[in-house]
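One file, protein27.cif, is given below (mmCIF, C-alpha atoms).
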```
data_model
#
loop_
_atom_site.label_atom_id
_atom_site.label_comp_id
_atom_site.auth_asym_id
_atom_site.auth_seq_id
_atom_site.Cartn_x
_atom_site.Cartn_y
_atom_site.Cartn_z
CA MET A 21 138.65 246.51 166.99
CA SER A 22 135.03 246.63 168.12
CA THR A 23 132.36 247.15 165.50
CA ILE A 24 128.76 248.24 165.34
CA LYS A 25 126.06 246.72 163.17
CA ILE A 26 124.69 249.10 160.56
CA SER A 27 121.79 248.73 158.17
CA ILE A 28 120.57 251.33 155.72
CA VAL A 29 117.15 250.72 154.24
CA SER A 30 114.74 252.66 152.07
CA SER A 31 111.10 251.80 151.55
CA SER A 32 111.80 250.17 148.21
CA GLU A 33 115.06 248.34 148.91
CA GLU A 34 117.83 247.41 151.31
CA ILE A 35 120.82 249.63 150.63
CA TYR A 36 123.51 248.34 152.93
CA SER A 37 123.89 246.00 155.82
CA GLY A 38 127.10 245.14 157.60
CA GLU A 39 129.62 245.97 160.31
CA ALA A 40 131.35 249.28 160.85
CA THR A 41 133.98 250.72 163.12
CA MET A 42 132.58 254.19 162.66
CA VAL A 43 129.53 255.71 160.98
CA PHE A 44 129.18 259.34 159.92
CA ALA A 45 125.81 260.87 159.13
CA THR A 46 124.14 264.25 158.98
CA GLY A 47 121.50 264.45 161.67
CA SER A 48 118.81 267.09 161.63
CA LEU A 49 120.78 269.02 164.27
CA GLY A 50 124.24 268.51 162.81
CA GLU A 51 126.96 266.03 161.93
CA LEU A 52 127.04 262.76 163.82
CA GLY A 53 129.99 260.44 164.32
CA ILE A 54 128.84 257.13 165.70
CA ALA A 55 131.28 254.76 167.32
CA PRO A 56 130.40 251.36 168.83
CA GLY A 57 128.81 251.73 172.25
CA HIS A 58 127.03 254.99 171.42
CA THR A 59 124.22 255.94 173.77
CA PRO A 60 120.67 255.29 172.43
CA LEU A 61 119.76 258.18 170.17
CA LEU A 62 116.87 258.88 167.88
CA THR A 63 117.11 261.71 165.41
CA GLY A 64 116.02 262.93 162.03
CA LEU A 65 118.33 262.62 159.07
CA ALA A 66 119.12 265.60 156.86
CA PRO A 67 119.73 265.05 153.14
CA GLY A 68 123.39 264.13 152.71
CA PRO A 69 125.91 261.35 152.70
CA VAL A 70 126.04 258.53 155.23
CA ARG A 71 129.59 257.22 155.43
CA VAL A 72 130.35 253.77 156.74
CA GLN A 73 133.91 253.14 157.86
CA ASN A 74 135.15 249.63 158.46
CA GLY A 75 138.87 249.65 159.29
CA SER A 76 140.51 251.43 156.40
CA GLU A 77 137.61 250.86 154.01
CA GLU A 78 134.96 253.48 153.58
CA GLU A 79 131.70 253.52 151.67
CA ALA A 80 129.34 256.42 151.17
CA PHE A 81 125.62 256.36 150.54
CA TYR A 82 123.41 259.25 149.66
CA CYS A 83 120.26 259.62 151.76
CA SER A 84 117.62 262.24 151.09
CA GLY A 85 116.28 262.50 154.60
CA GLY A 86 114.69 260.06 156.98
CA PHE A 87 115.45 258.83 160.47
CA ILE A 88 118.37 257.29 162.24
CA GLU A 89 118.11 255.09 165.31
CA ILE A 90 121.16 254.31 167.36
CA GLN A 91 121.53 251.56 169.95
CA PRO A 92 124.90 250.76 171.57
CA ASP A 93 125.47 247.87 169.15
CA LEU A 94 123.19 248.83 166.28
CA VAL A 95 122.59 251.69 163.85
CA THR A 96 119.47 251.71 161.70
CA VAL A 97 119.10 254.29 158.96
CA LEU A 98 115.55 254.57 157.67
CA SER A 99 116.03 256.53 154.49
CA ASP A 100 113.21 258.02 152.49
CA THR A 101 114.94 257.33 149.23
CA ALA A 102 118.50 256.21 149.26
CA GLU A 103 120.62 255.17 146.37
CA ARG A 104 124.25 254.18 146.01
CA ALA A 105 126.28 257.38 145.97
CA ASP A 106 128.44 255.97 143.15
CA SER A 107 125.45 255.77 140.86
CA LEU A 108 124.47 259.38 141.36
CA ASP A 109 124.41 261.38 138.21
CA GLU A 110 126.01 264.75 138.80
CA SER A 111 124.43 266.45 135.81
CA GLU A 112 121.03 265.23 137.01
CA ALA A 113 121.69 266.77 140.41
CA ILE A 114 122.77 270.07 138.86
CA LYS A 115 119.66 270.05 136.69
CA ALA A 116 117.50 269.43 139.75
CA LYS A 117 119.27 272.25 141.57
CA GLU A 118 118.79 274.65 138.67
CA ALA A 119 115.13 273.72 138.43
CA ALA A 120 114.68 274.24 142.14
CA GLU A 121 116.51 277.59 142.00
CA GLN A 122 114.38 278.67 139.08
CA ASP A 123 111.32 277.77 141.09
CA LEU A 124 112.67 279.87 143.95
CA ALA A 125 113.32 282.82 141.66
CA ASN A 126 109.78 283.11 140.36
CA LYS A 127 108.09 282.67 143.68
CA ASP A 128 104.47 283.22 142.80
CA ALA A 129 101.23 282.19 144.37
CA THR A 130 101.04 278.76 142.79
CA LEU A 131 104.43 277.65 144.09
CA ASP A 132 105.02 275.88 147.35
CA TYR A 133 108.02 277.75 148.74
CA ALA A 134 108.84 275.20 151.43
CA LYS A 135 108.89 272.39 148.89
CA ALA A 136 111.21 274.28 146.59
CA SER A 137 113.72 275.08 149.32
CA ALA A 138 113.68 271.42 150.40
CA GLN A 139 114.42 270.45 146.81
CA LEU A 140 117.29 272.90 146.70
CA ALA A 141 118.76 271.56 149.94
CA GLU A 142 118.54 268.04 148.56
CA ALA A 143 120.22 268.94 145.28
CA VAL A 144 123.07 270.70 147.12
CA ALA A 145 123.53 267.68 149.40
CA ARG A 146 123.68 265.37 146.39
CA LEU A 147 126.37 267.49 144.80
CA LYS A 148 128.33 267.54 148.04
CA THR A 149 128.32 263.74 148.18
CA ILE A 150 129.54 263.42 144.62
CA GLN A 151 132.29 265.97 145.06
CA LYS A 152 133.45 264.27 148.26
CA LEU A 153 133.56 260.93 146.47
CA ARG A 154 135.52 262.46 143.59
CA LYS A 155 138.13 263.83 145.96
CA ASN A 156 138.59 260.45 147.61
CA GLN A 157 139.26 258.72 144.31
CA MET B 26 69.83 221.95 113.96
CA ALA B 27 72.58 224.51 113.70
CA ASN B 28 74.29 224.77 110.36
CA THR B 29 77.99 224.21 109.84
CA LYS B 30 78.77 227.82 109.01
CA GLU B 31 77.37 229.08 112.31
CA VAL B 32 79.36 226.53 114.32
CA ARG B 33 82.53 227.34 112.42
CA LYS B 34 82.09 231.02 113.15
CA GLN B 35 81.60 230.31 116.85
CA ILE B 36 84.73 228.16 116.98
CA ALA B 37 86.76 230.89 115.29
CA SER B 38 85.55 233.52 117.76
CA ILE B 39 86.33 231.34 120.79
CA LYS B 40 89.76 230.61 119.37
CA GLY B 41 90.33 234.36 119.16
CA THR B 42 89.35 234.79 122.80
CA GLN B 43 91.57 231.89 123.79
CA LYS B 44 94.53 233.55 122.12
CA ILE B 45 93.89 236.73 124.10
CA THR B 46 93.50 234.96 127.43
CA SER B 47 96.61 232.88 126.93
CA ALA B 48 98.57 236.00 126.02
CA MET B 49 97.27 237.70 129.16
CA GLU B 50 98.26 234.68 131.18
CA MET B 51 101.82 234.93 129.94
CA VAL B 52 101.94 238.68 130.57
CA ALA B 53 100.66 238.15 134.12
CA ALA B 54 103.21 235.38 134.71
CA SER B 55 106.09 237.63 133.71
CA LYS B 56 104.75 240.58 135.70
CA MET B 57 104.18 238.33 138.70
CA LYS B 58 107.91 237.74 139.00
CA LYS B 59 108.62 241.48 139.00
CA THR B 60 105.88 242.34 141.48
CA GLN B 61 107.06 239.58 143.80
CA ASP B 62 110.58 240.95 143.61
CA SER B 63 109.45 244.44 144.54
CA MET B 64 107.41 242.94 147.37
CA LEU B 65 110.58 241.31 148.71
CA GLU B 66 112.68 244.45 148.18
CA GLY B 67 110.36 246.44 150.42
CA ARG B 68 110.49 243.93 153.26
CA PRO B 69 113.81 244.99 154.90
CA TYR B 70 112.47 248.51 155.45
CA SER B 71 109.25 247.35 157.06
CA LEU B 72 111.15 244.89 159.26
CA LYS B 73 113.67 247.53 160.34
CA ILE B 74 111.09 250.18 161.05
CA LYS B 75 109.11 247.60 163.01
CA ASP B 76 112.24 246.90 165.10
CA VAL B 77 112.75 250.60 165.72
CA ILE B 78 109.10 251.06 166.68
CA ALA B 79 109.39 248.09 169.06
CA HIS B 80 112.48 249.67 170.65
CA ILE B 81 110.64 252.95 171.04
CA ALA B 82 107.65 251.22 172.57
CA SER B 83 109.91 249.53 175.11
CA ALA B 84 111.73 252.77 175.95
CA SER B 85 110.18 254.70 178.82
CA SER B 86 109.37 257.72 176.71
CA GLU B 87 108.02 260.85 178.36
CA TYR B 88 105.64 261.32 175.44
CA PRO B 89 102.84 258.78 174.97
CA HIS B 90 101.89 258.92 171.30
CA PRO B 91 98.18 259.22 170.34
CA PHE B 92 98.52 256.24 167.96
CA TYR B 93 98.86 253.99 170.98
CA GLN B 94 95.92 255.41 172.90
CA GLU B 95 92.61 253.55 172.95
CA ARG B 96 89.71 255.96 172.59
CA THR B 97 86.05 255.09 172.75
CA PRO B 98 85.53 254.38 169.08
CA LYS B 99 82.83 256.32 167.28
CA LYS B 100 84.10 256.17 163.74
CA ALA B 101 86.58 253.98 161.88
CA CYS B 102 88.45 254.50 158.63
CA PHE B 103 89.12 251.59 156.31
CA ILE B 104 92.10 251.85 153.99
CA VAL B 105 91.08 249.44 151.24
CA ILE B 106 93.67 248.28 148.75
CA SER B 107 92.48 246.90 145.44
CA SER B 108 93.79 246.46 141.93
CA ASP B 109 93.36 248.97 139.11
CA LYS B 110 92.35 246.39 136.56
CA GLY B 111 89.87 243.56 136.68
CA LEU B 112 90.11 240.06 135.20
CA CYS B 113 91.77 238.70 138.31
CA GLY B 114 89.13 236.31 139.58
CA GLY B 115 87.56 236.95 142.95
CA LEU B 116 90.53 238.83 144.34
CA ASN B 117 88.83 242.21 144.80
CA THR B 118 85.32 240.94 145.49
CA ASN B 119 86.49 238.65 148.29
CA LEU B 120 88.27 241.55 149.94
CA PHE B 121 85.33 243.95 149.55
CA ARG B 122 83.02 241.37 151.09
CA GLN B 123 85.26 241.16 154.16
CA VAL B 124 85.41 244.94 154.42
CA ILE B 125 81.63 245.25 154.19
CA ASN B 126 81.17 242.52 156.81
CA LYS B 127 83.61 244.20 159.18
CA SER B 128 81.99 247.57 158.61
CA ALA B 129 78.54 246.09 159.33
CA GLU B 130 79.92 244.47 162.48
CA LEU B 131 81.26 247.81 163.70
CA ASN B 132 78.00 249.47 162.76
CA LYS B 133 76.17 247.17 165.17
CA GLU B 134 78.44 248.45 167.94
CA GLY B 135 77.54 251.98 166.93
CA ILE B 136 80.76 252.72 165.08
CA GLU B 137 80.45 254.51 161.74
CA SER B 138 82.76 253.81 158.81
CA CYS B 139 84.53 255.81 156.17
CA PHE B 140 86.85 254.65 153.42
CA ALA B 141 90.21 255.61 151.94
CA LEU B 142 90.64 253.70 148.71
CA VAL B 143 93.62 252.56 146.69
CA GLY B 144 92.94 251.28 143.18
CA THR B 145 90.25 251.95 140.59
CA LYS B 146 88.26 248.86 141.50
CA ALA B 147 87.73 249.87 145.12
CA ALA B 148 86.86 253.41 144.02
CA SER B 149 84.10 252.23 141.70
CA PHE B 150 82.83 249.56 144.12
CA PHE B 151 82.45 251.89 147.10
CA LYS B 152 80.92 254.56 144.90
CA GLY B 153 78.27 252.00 144.01
CA VAL B 154 77.78 250.88 147.61
CA GLY B 155 77.51 254.47 148.75
CA GLY B 156 80.01 254.58 151.60
CA GLN B 157 81.68 257.80 152.74
CA VAL B 158 84.91 257.98 150.72
CA VAL B 159 87.52 260.35 152.14
CA ALA B 160 90.47 259.70 149.83
CA VAL B 161 91.30 257.85 146.64
CA ALA B 162 94.65 256.94 145.11
CA ASP B 163 94.45 255.07 141.85
CA LYS B 164 96.37 254.29 138.65
CA LEU B 165 99.55 253.54 140.58
CA GLY B 166 100.81 251.11 137.95
CA ASP B 167 102.88 247.99 138.40
CA LYS B 168 105.65 249.69 140.31
CA PRO B 169 103.94 251.97 142.79
CA ASN B 170 105.96 254.81 144.26
CA PRO B 171 105.81 255.27 148.05
CA ASP B 172 105.23 258.97 147.40
CA ASP B 173 101.92 258.26 145.67
CA LEU B 174 100.44 256.95 148.91
CA ILE B 175 101.58 259.69 151.26
CA GLY B 176 98.56 261.86 150.51
CA LEU B 177 96.05 259.10 151.16
CA THR B 178 97.70 258.01 154.40
CA LYS B 179 97.95 261.61 155.53
CA VAL B 180 94.21 262.13 155.07
CA ALA B 181 93.47 259.19 157.36
CA LEU B 182 96.09 260.17 159.94
CA ASP B 183 94.96 263.80 159.98
CA MET B 184 91.39 262.71 160.56
CA HIS B 185 92.65 260.61 163.47
CA LYS B 186 94.60 263.56 164.83
CA ASN B 187 91.54 265.82 164.67
CA GLY B 188 89.45 263.22 166.43
CA ASP B 189 87.17 262.62 163.43
CA ILE B 190 88.05 258.95 163.47
CA ASP B 191 89.26 256.73 166.29
CA GLN B 192 90.34 253.58 164.49
CA VAL B 193 92.12 252.87 161.24
CA TYR B 194 91.97 249.51 159.49
CA LEU B 195 94.11 248.33 156.62
CA CYS B 196 92.30 245.94 154.27
CA SER B 197 94.34 244.11 151.68
CA ASN B 198 95.17 240.75 150.21
CA SER B 199 98.20 238.98 151.57
CA PHE B 200 100.27 236.82 149.31
CA VAL B 201 100.41 233.21 150.54
CA ASN B 202 101.55 231.61 147.29
CA THR B 203 100.72 231.81 143.61
CA MET B 204 97.52 229.81 144.07
CA THR B 205 96.34 231.43 147.30
CA GLN B 206 95.76 235.05 148.22
CA LYS B 207 94.20 235.77 151.57
CA PRO B 208 92.04 238.85 152.08
CA GLY B 209 92.40 240.35 155.53
CA VAL B 210 91.50 243.33 157.69
CA GLN B 211 94.25 244.50 160.01
CA GLN B 212 93.97 247.16 162.69
CA LEU B 213 96.53 249.96 162.27
CA ILE B 214 95.41 252.46 164.88
CA PRO B 215 95.42 252.10 167.84
CA LEU B 216 98.75 250.37 167.33
CA ALA B 217 99.08 247.09 169.13
CA PRO B 218 101.61 247.36 171.98
CA ALA B 219 104.94 245.80 171.05
CA GLU B 220 105.84 242.29 172.09
CA GLN B 221 107.97 241.87 175.18
CA ASP B 222 111.59 242.45 174.41
CA GLU B 223 114.74 241.85 176.43
CA LEU B 224 115.28 245.61 176.38
CA ILE B 225 112.14 246.17 178.39
CA SER B 226 113.67 244.85 181.60
CA THR B 227 115.74 247.96 182.19
CA HIS B 228 114.55 251.51 182.42
CA TRP B 229 116.04 253.50 179.59
CA ASP B 230 115.13 256.13 177.05
CA TYR B 231 116.56 257.63 173.92
CA ILE B 232 118.19 260.94 173.56
CA TYR B 233 115.82 262.65 171.17
CA GLU B 234 117.10 265.23 168.74
CA PRO B 235 115.28 267.56 168.47
CA GLU B 236 112.00 266.75 170.27
CA ALA B 237 110.49 263.40 171.23
CA LYS B 238 107.06 264.47 170.00
CA GLU B 239 108.26 265.64 166.62
CA LEU B 240 110.40 262.56 166.06
CA LEU B 241 107.80 260.04 167.15
CA ASP B 242 105.16 261.78 165.05
CA GLY B 243 107.36 261.54 161.99
CA LEU B 244 108.52 258.03 162.67
CA LEU B 245 105.08 256.58 163.41
CA THR B 246 103.66 258.32 160.34
CA ARG B 247 106.48 256.78 158.32
CA TYR B 248 105.66 253.43 159.92
CA ILE B 249 102.00 253.57 158.92
CA GLU B 250 103.01 254.73 155.44
CA SER B 251 105.40 251.82 155.10
CA LEU B 252 102.67 249.38 156.14
CA VAL B 253 100.31 250.84 153.55
CA TYR B 254 103.01 250.83 150.87
CA GLN B 255 103.97 247.26 151.67
CA ALA B 256 100.30 246.25 151.46
CA VAL B 257 99.98 247.91 148.06
CA VAL B 258 103.07 246.16 146.73
CA GLU B 259 101.87 242.84 148.11
CA ASN B 260 98.42 243.38 146.65
CA ASN B 261 100.08 243.95 143.27
CA ALA B 262 101.79 240.59 143.50
CA CYS B 263 98.45 239.04 144.48
CA GLU B 264 96.76 240.70 141.50
CA GLN B 265 99.23 239.30 138.99
CA ALA B 266 99.09 235.83 140.53
CA ALA B 267 95.28 235.85 140.61
CA LYS B 268 95.18 237.16 137.06
CA MET B 269 97.49 234.43 135.88
CA ILE B 270 95.31 231.74 137.48
CA ALA B 271 92.10 233.33 136.20
CA MET B 272 93.47 233.60 132.67
CA LYS B 273 94.82 230.07 132.77
CA SER B 274 91.41 228.67 133.68
CA ALA B 275 89.78 230.90 131.04
CA THR B 276 92.18 229.49 128.44
CA ASP B 277 91.41 225.93 129.61
CA ASN B 278 87.67 226.57 129.50
CA ALA B 279 87.95 227.99 126.00
CA GLY B 280 89.80 224.81 124.99
CA ASP B 281 86.99 222.65 126.42
CA LEU B 282 84.40 224.73 124.64
CA ILE B 283 86.24 224.45 121.34
CA LYS B 284 86.43 220.68 121.73
CA GLU B 285 82.68 220.46 122.33
CA LEU B 286 81.93 222.75 119.40
CA GLU B 287 84.20 220.76 117.11
CA LEU B 288 82.28 217.63 118.04
CA LEU B 289 79.04 219.45 117.30
CA TYR B 290 80.50 220.72 114.03
CA ASN B 291 81.40 217.18 112.95
CA ASN B 292 77.98 215.91 113.95
CA VAL B 293 76.25 218.61 111.97
CA ARG B 294 78.47 218.09 108.96
CA GLN B 295 77.94 214.33 109.08
CA ALA B 296 74.20 214.79 109.45
CA ALA B 297 74.14 217.07 106.42
CA ILE B 298 76.08 214.53 104.33
CA THR B 299 73.82 211.69 105.45
CA GLN B 300 70.76 213.72 104.62
CA GLU B 301 72.10 214.61 101.19
CA LEU B 302 72.93 210.95 100.50
CA SER B 303 69.52 209.76 101.58
CA GLU B 304 67.94 212.42 99.38
CA ILE B 305 69.98 211.26 96.38
CA VAL B 306 69.17 207.62 97.08
CA GLY B 307 65.50 208.50 97.58
CA GLY B 308 65.53 210.50 94.35
CA ALA B 309 67.18 207.68 92.43
CA ALA B 310 64.65 205.17 93.80
CA ALA B 311 61.79 207.42 92.73
CA VAL B 312 63.05 207.54 89.13
#
```
Output the file's structure as structure tokens, nothing else.
Amino acid sequence: MSTIKISIVSSSEEIYSGEATMVFATGSLGELGIAPGHTPLLTGLAPGPVRVQNGSEEEAFYCSGGFIEIQPDLVTVLSDTAERADSLDESEAIKAKEAAEQDLANKDATLDYAKASAQLAEAVARLKTIQKLRKNQ
Amino acid sequence: MANTKEVRKQIASIKGTQKITSAMEMVAASKMKKTQDSMLEGRPYSLKIKDVIAHIASASSEYPHPFYQERTPKKACFIVISSDKGLCGGLNTNLFRQVINKSAELNKEGIESCFALVGTKAASFFKGVGGQVVAVADKLGDKPNPDDLIGLTKVALDMHKNGDIDQVYLCSNSFVNTMTQKPGVQQLIPLAPAEQDELISTHWDYIYEPEAKELLDGLLTRYIESLVYQAVVENNACEQAAKMIAMKSATDNAGDLIKELELLYNNVRQAAITQELSEIVGGAAAV
């Protein structure tokens, strides 16, 4: 089976590097499924899981936005902050979501509305990743 | 001649200082390991983003990005990266000297300078020199967060976008090894065109989702940010290494000084004893 090289990096560390038969990610315009030989594509990355499939094995990584570059034989994910999805703390994510929602609720002059809604989107995406991982187990 | 009590006091005080410097040396040595690790951890990202940028540069994009365009330079911005704390030998001063030289060189060509500063030391130095400071980011600590630098980089990039500045330079120390740190001034904008790549031979372009302009803007901004972040992390490793060396030589010097003072102390003590003896002998002879 043909494979595609994938590397996921964030500015403070290398998250993953290896071969994949299929990569799934959330682009800024929707879900992406990347198979080997994909046409060159450059797109933004929405907060959410990046799943790397190699044969029957699958690994998921949480990315909170960034960019994804695709060449026919190469996928590069430039994540803003990415951490292993396994290590995500669900209660932390819920707390972050609650805090963001609270910020949204009392929308006064001092609050940056755009920032708060971005935080909310991120917290929801984190939760989604964790729940997906739970189901797979 | 000095009396023994004075010399003893001096020895005790230098011993105190020596203890402090040797403790600082050990602290710097242990921190050096950590800062070097975080320098290495950041490398994959900068390498990957460099690859992506090189691919983009070789693609026949319909949108030429302003970061690549040479304009007649009228004003340049220096992003100067220094340490927050002193006691690290000539690390900061050597860098500042290079920056000042470069700025003077540009001035001769009629190009003005302004400064965006990282680290307390640069902030206080350029305040003293009286340059135009547009942004400061300090007290980043030993493990700087990429987010802390976004603001500073944005100030410089926005000024470039508005046409207030035409060139951006990144000034920082690069880590050669523990003994050597090399200060350098590197041009960020205009970006140097990418090296020839095998991809360049064919005419191709990406599919951009959503817009080429938006994506390239974001990506190139991220690229500059990553260069600045990497420079800060590297400068941190330089700081700890320089501090370790500086503190080691301070400890050695204190040791030398103590040796000399101990010799002096013995001389003085011996002289006092000899004098006392000769007084007793003289007294006895007089009786």
Discussion item. Please enumerate the residues selected by the PyMOL selection byres ((chain B) within 12 of (chain A)) when evaluated against the supplied file, formatted as JSON, numbers by chain.
Written reply: {"B": [60, 62, 63, 64, 65, 66, 67, 68, 69, 70, 71, 72, 73, 74, 75, 76, 77, 78, 79, 80, 81, 84, 86, 168, 169, 170, 171, 172, 175, 224, 229, 230, 231, 232, 233, 234, 235, 236, 237, 238, 239, 240, 241, 242, 243, 244, 245, 246, 247, 248, 249, 250, 251, 252, 253, 254, 255, 258]}
Please identify all polymer residues within 10 Å of Thr97 of chain B, counting only C-alpha atoms, omitting same-chain residues fewer than 6 positions from it, and present them as a compact mmCIF listing (two decimals) with C-alpha atoms, in the frame of the given file.
```txt
# COMPACT_ATOMS: atom_id res chain seq x y z
CA ILE B 136 80.76 252.72 165.08
CA ASP B 191 89.26 256.73 166.29
CA GLN B 192 90.34 253.58 164.49
```
Item to complete: Spell out the residues picked by the PyMOL selection byres ((chain B and resi 266) around 12) here, as a ChimeraX atom specification.
Response: /B:49-61,108,112-116,198-206,259-265,267-273
Discussion item. As an exercise, work out the distance from atom CA of Phe103 of chain B to atom CA of Lys207 of chain B in Å and give it to one decimal place.
Written reply: 17.3 Å
Can you check which parts of segment 65-101 of chain A lie within 8 Å of segment 135-151 of chain A? Per residue, the shortest pair of atoms and distance in Å to one decimal, counting only C-alpha atoms, sorted by chain and number, as a Markdown table.
```
| residue | atom | partner | partner_atom | distance |
| --- | --- | --- | --- | --- |
| A:Pro67 | CA | A:Glu142 | CA | 5.6 |
| A:Gly68 | CA | A:Ala145 | CA | 4.9 |
| A:Pro69 | CA | A:Thr149 | CA | 5.7 |
| A:Ala80 | CA | A:Thr149 | CA | 8.0 |
| A:Tyr82 | CA | A:Thr149 | CA | 6.8 |
| A:Ser84 | CA | A:Glu142 | CA | 6.4 |
```
Worksheet entry | Selected residue, from B:Asp281, B:Lys99, B:Gly209, B:Asp163, that lies nearest to Lys133 of chain B when counting only C-alpha atoms | B:Lys99
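Closest to Ile104 of chain B among B:Ser274, B:Thr118, B:Gln295, B:Thr178 is B:Thr178, based on all atoms listed in the file.
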Discussion item. What's the separation between atom CA of Ala256 of chain B and atom CA of Asn117 of chain B, in Å to one decimal place?
Written reply: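 Calculated distance between atom CA of Ala256 of chain B and atom CA of Asn117 of chain B is 13.9 Å.
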Worksheet item: Quick one: residues within 10 Å of Ala217 of chain B, all atoms listed in the file counted, chain neighbours fewer than 5 positions away excluded, as a list in words?
Response: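 Residues near the query, excluding close chain neighbours: Phe92, Tyr93, Gln94, Glu95 and Gln212 of chain B.
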Item to complete: On this file, the PyMOL selection byres ((chain B and resi 146-158) around 9) gives some set of residues; write that set as a list in words.
Response: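 Checked against the file, the PyMOL selection byres ((chain B and resi 146-158) around 9) matches Val105, Ile106, Ser107, Ser108, Asp109, Lys110, Gly111, Asn117, Phe121, Ser138, Cys139, Phe140, Ala141, Leu142, Val143, Gly144, Thr145, Val159, Ala160, Val161, Ala162 and Asp163 of chain B.
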Worksheet item: Between B:Gln211, B:Ala101, B:Lys186, B:Asn28, which is the closest to Asn132 of chain B once you count all atoms listed in the file?
Response: B:Ala101
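For the pair atom CA of Gln300 of chain B and atom CA of Lys284 of chain B, the separation is 24.2 Å.
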Practice prompt. Would you kindly identify which residues have an atom no farther than 8 Å from (135.7, 247.7, 156.1), using only C-alpha atoms and the file's own coordinates, and write them out as JSON, numbers by chain?
Written response: {"A": [39, 40, 41, 73, 74, 75, 76, 77, 78]}
Item to complete: Please work out which residues fall within 8 Å of (133.5, 261.2, 156.1), coordinates as given in the file, with all atoms listed in the file counting, and return them as number ranges by chain.
Response: A: 44, 70-71
